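Quick notes on the structure that follows.
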Amino acid sequence: MSVATLPFLAFGASQVATPGPANMALMATGARFGFRASLSFVAGVALGKQLIIWPIGFGLMSLAASAPWAFEILKYASMAYIFWLAWKVANLRLSAADAGAKAPGFFAGLWVHPLNPKAWAMITQGFTNFVSEGTPTLQVTATIAICLLACQLVFHPMWALGGDRIAKTVAGTAAERYLMWILAGLTVASVLFTLLGGEST
């Protein structure tokens, strides 16, 4: 009775480190407001995943059998939110003209993962593919929560820092518009890949 911690940690790192709605939001925030100004948002995004992990661990997904319509609503509401986020990213500009704008904070970051289909799919895979039958619920949930938080504390700041560094190169140039559309496209593609049955999340 255990959790395959090292394999799950490798799986979690591969998912957290790769492009997805959360990482695109982190990169765009770092690009627009700078790395230091984005740290509060980064912390909110990292801790927001805990709002999914613990309810799933203690039986939320078992409700899918009795109320599948609720999860369909959640899926499409999440997709709509991510598409709106992608639209915002696509139209974001890094120039100093909007320098007075304020970076999104901790509470804005908290909602990124609960409304992220990729996060739901990844966490569900963790509970179903890396846990031995009979392992205590608290042990399973705490292990998955700690592993994913550790991955996020490593990779989420890297995405925000990457955005900051990219902005210093392309802000105010012709490449700026294309960069933001590419980030938006990756955001949409990651959601569609997850929702349309991609084997990886």
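Identifiers in this document derive from the order of the structure tokens: chains are assigned A, B, ..., residues are numbered from 1 separately in each chain, and ligands are numbered from 1 in order of occurrence.
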
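All residues of protein, DNA or RNA that reach within 9 Å of Arg165 in chain A, judged by only C-alpha atoms and not counting those fewer than 5 positions away in the chain, are Gly30, Ala31, Gly34, Phe35 and Ala160 of chain A.
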
I need the residues from that last selection saved to file as an mmCIF file, in the first residue's frame (with all heavy atoms), if you can.
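Result file result39.cif:
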data_model
loop_
_atom_site.group_PDB
_atom_site.id
_atom_site.type_symbol
_atom_site.label_atom_id
_atom_site.label_comp_id
_atom_site.auth_asym_id
_atom_site.auth_seq_id
_atom_site.Cartn_x
_atom_site.Cartn_y
_atom_site.Cartn_z
ATOM 1 N N GLY A 30 4.946 37.483 -16.502
ATOM 2 C CA GLY A 30 6.340 37.867 -16.355
ATOM 3 C C GLY A 30 6.795 38.806 -17.454
ATOM 4 O O GLY A 30 7.543 39.764 -17.206
ATOM 5 N N ALA A 31 6.319 38.555 -18.677
ATOM 6 C CA ALA A 31 6.686 39.406 -19.804
ATOM 7 C C ALA A 31 6.110 40.806 -19.662
ATOM 8 O O ALA A 31 6.771 41.805 -19.963
ATOM 9 C CB ALA A 31 6.208 38.768 -21.108
ATOM 10 N N GLY A 34 7.223 41.988 -15.458
ATOM 11 C CA GLY A 34 8.527 41.719 -14.869
ATOM 12 C C GLY A 34 8.464 40.587 -13.856
ATOM 13 O O GLY A 34 7.408 40.287 -13.294
ATOM 14 N N PHE A 35 9.588 39.958 -13.639
ATOM 15 C CA PHE A 35 9.642 38.773 -12.779
ATOM 16 C C PHE A 35 9.258 39.085 -11.343
ATOM 17 O O PHE A 35 8.406 38.403 -10.760
ATOM 18 C CB PHE A 35 11.052 38.171 -12.831
ATOM 19 C CG PHE A 35 11.225 36.982 -11.934
ATOM 20 C CD1 PHE A 35 10.536 35.805 -12.181
ATOM 21 C CD2 PHE A 35 12.079 37.039 -10.844
ATOM 22 C CE1 PHE A 35 10.688 34.697 -11.355
ATOM 23 C CE2 PHE A 35 12.238 35.945 -10.011
ATOM 24 C CZ PHE A 35 11.541 34.770 -10.268
ATOM 25 N N ALA A 160 7.731 32.444 -15.477
ATOM 26 C CA ALA A 160 7.599 33.893 -15.304
ATOM 27 C C ALA A 160 8.914 34.599 -15.625
ATOM 28 O O ALA A 160 8.925 35.657 -16.272
ATOM 29 C CB ALA A 160 7.163 34.205 -13.870
#

Exercise for review: Would you please extract all helix (DSSP H, G or I) residues from range 3-184 of chain A, as assigned by DSSP on the backbone, and give them as a PyMOL selection string?
Suggested key: chain A and resi 5-17+21-33+35-48+50-57+60-64+68-90+96-98+106-110+117-129+137-170+175-184

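Nearest residue to Val140 in chain A among A:Ile166, A:Ala43, A:Gly126, A:Gln152 is A:Gly126, counting only C-alpha atoms.
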
Practice item. Would you kindly return, as a list in words, each protein, DNA or RNA residue with an atom no farther than 10 Å from any atom of Met158 in chain A, considering only C-alpha atoms and excluding same-chain residues fewer than 3 positions away? Key: Ala17, Asn23, Leu26, Met27, Gly30, Phe35, Val42, Gln152, Leu153, Val154, Phe155, Leu161, Gly162, Gly163 and Asp164 of chain A

Practice item. Grab the CA of Leu6 in chain A to CA of Val112 in chain A distance for me, in Å with one decimal place. Key: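 CA of Leu6 in chain A sits 26.3 Å away from CA of Val112 in chain A.
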
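In this model, the gap between CA of Cys151 in chain A and CA of Lys118 in chain A comes to 15.4 Å.
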
Check your understanding: Which is closer to Met122 in chain A than all the others in A:Leu47, A:Leu186, A:Val16, A:Leu179, using only C-alpha atoms?
Key -> A:Val16

**Study point:** Residue contacts of Ala184 in chain A (12 Å, only C-alpha atoms) excluding same-chain residues fewer than 4 positions away, as a PyMOL selection string
**Key:** chain A and resi 19-25+27-28+82-92+177-180+188-191

May I have the residues from that selection written out with C-alpha atoms, as a PDB file, in the first residue's frame?
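Saved to out-v3.pdb:
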ATOM      1  CA  PRO A  19       3.375  24.484 -21.990  1.00  0.00           C
ATOM      2  CA  GLY A  20      -0.186  24.772 -20.745  1.00  0.00           C
ATOM      3  CA  PRO A  21      -2.676  27.462 -19.740  1.00  0.00           C
ATOM      4  CA  ALA A  22      -1.035  28.116 -16.364  1.00  0.00           C
ATOM      5  CA  ASN A  23       2.485  28.368 -17.757  1.00  0.00           C
ATOM      6  CA  MET A  24       1.339  30.602 -20.598  1.00  0.00           C
ATOM      7  CA  ALA A  25      -0.344  32.899 -18.067  1.00  0.00           C
ATOM      8  CA  MET A  27       5.008  33.704 -18.986  1.00  0.00           C
ATOM      9  CA  ALA A  28       2.681  36.450 -20.172  1.00  0.00           C
ATOM     10  CA  ILE A  82      -9.000  29.424 -20.908  1.00  0.00           C
ATOM     11  CA  PHE A  83     -10.043  30.679 -24.348  1.00  0.00           C
ATOM     12  CA  TRP A  84     -10.791  34.089 -22.820  1.00  0.00           C
ATOM     13  CA  LEU A  85      -7.378  34.012 -21.151  1.00  0.00           C
ATOM     14  CA  ALA A  86      -5.758  33.136 -24.480  1.00  0.00           C
ATOM     15  CA  TRP A  87      -7.530  36.080 -26.134  1.00  0.00           C
ATOM     16  CA  LYS A  88      -6.195  38.394 -23.444  1.00  0.00           C
ATOM     17  CA  VAL A  89      -2.690  37.053 -23.969  1.00  0.00           C
ATOM     18  CA  ALA A  90      -2.946  37.428 -27.753  1.00  0.00           C
ATOM     19  CA  ASN A  91      -3.852  41.088 -27.420  1.00  0.00           C
ATOM     20  CA  LEU A  92      -1.327  41.854 -24.692  1.00  0.00           C
ATOM     21  CA  ARG A 177       2.714  40.676 -31.698  1.00  0.00           C
ATOM     22  CA  TYR A 178       3.743  37.305 -33.118  1.00  0.00           C
ATOM     23  CA  LEU A 179       5.110  36.158 -29.753  1.00  0.00           C
ATOM     24  CA  MET A 180       1.852  36.893 -27.947  1.00  0.00           C
ATOM     25  CA  VAL A 188      -5.622  26.908 -26.701  1.00  0.00           C
ATOM     26  CA  ALA A 189      -3.813  23.890 -28.162  1.00  0.00           C
ATOM     27  CA  SER A 190      -2.968  22.486 -24.723  1.00  0.00           C
ATOM     28  CA  VAL A 191      -6.613  22.648 -23.644  1.00  0.00           C
TER      29      VAL A 191
END

**Study point:** A:Leu149, A:Ala37, A:Leu138, A:Ile52 ranked by distance to Ala101 in chain A, top pick (using only C-alpha atoms)
**Key:**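 Between A:Leu149, A:Ala37, A:Leu138, A:Ile52, the residue approaching Ala101 in chain A most closely is A:Ala37.
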
**Study point:** Separation of CA of Gln50 in chain A from CA of His113 in chain A in Å
**Key:** 8.8 Å

Point to revise | Residues near Gly44 in chain A, cut-off 8 Å, only C-alpha atoms, skip fewer than 6 positions along chain, as a list in words | key: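 Here the answer would be Gly105, Phe106, Phe107, Ala108, Gly109, Leu110 and Trp111 of chain A.
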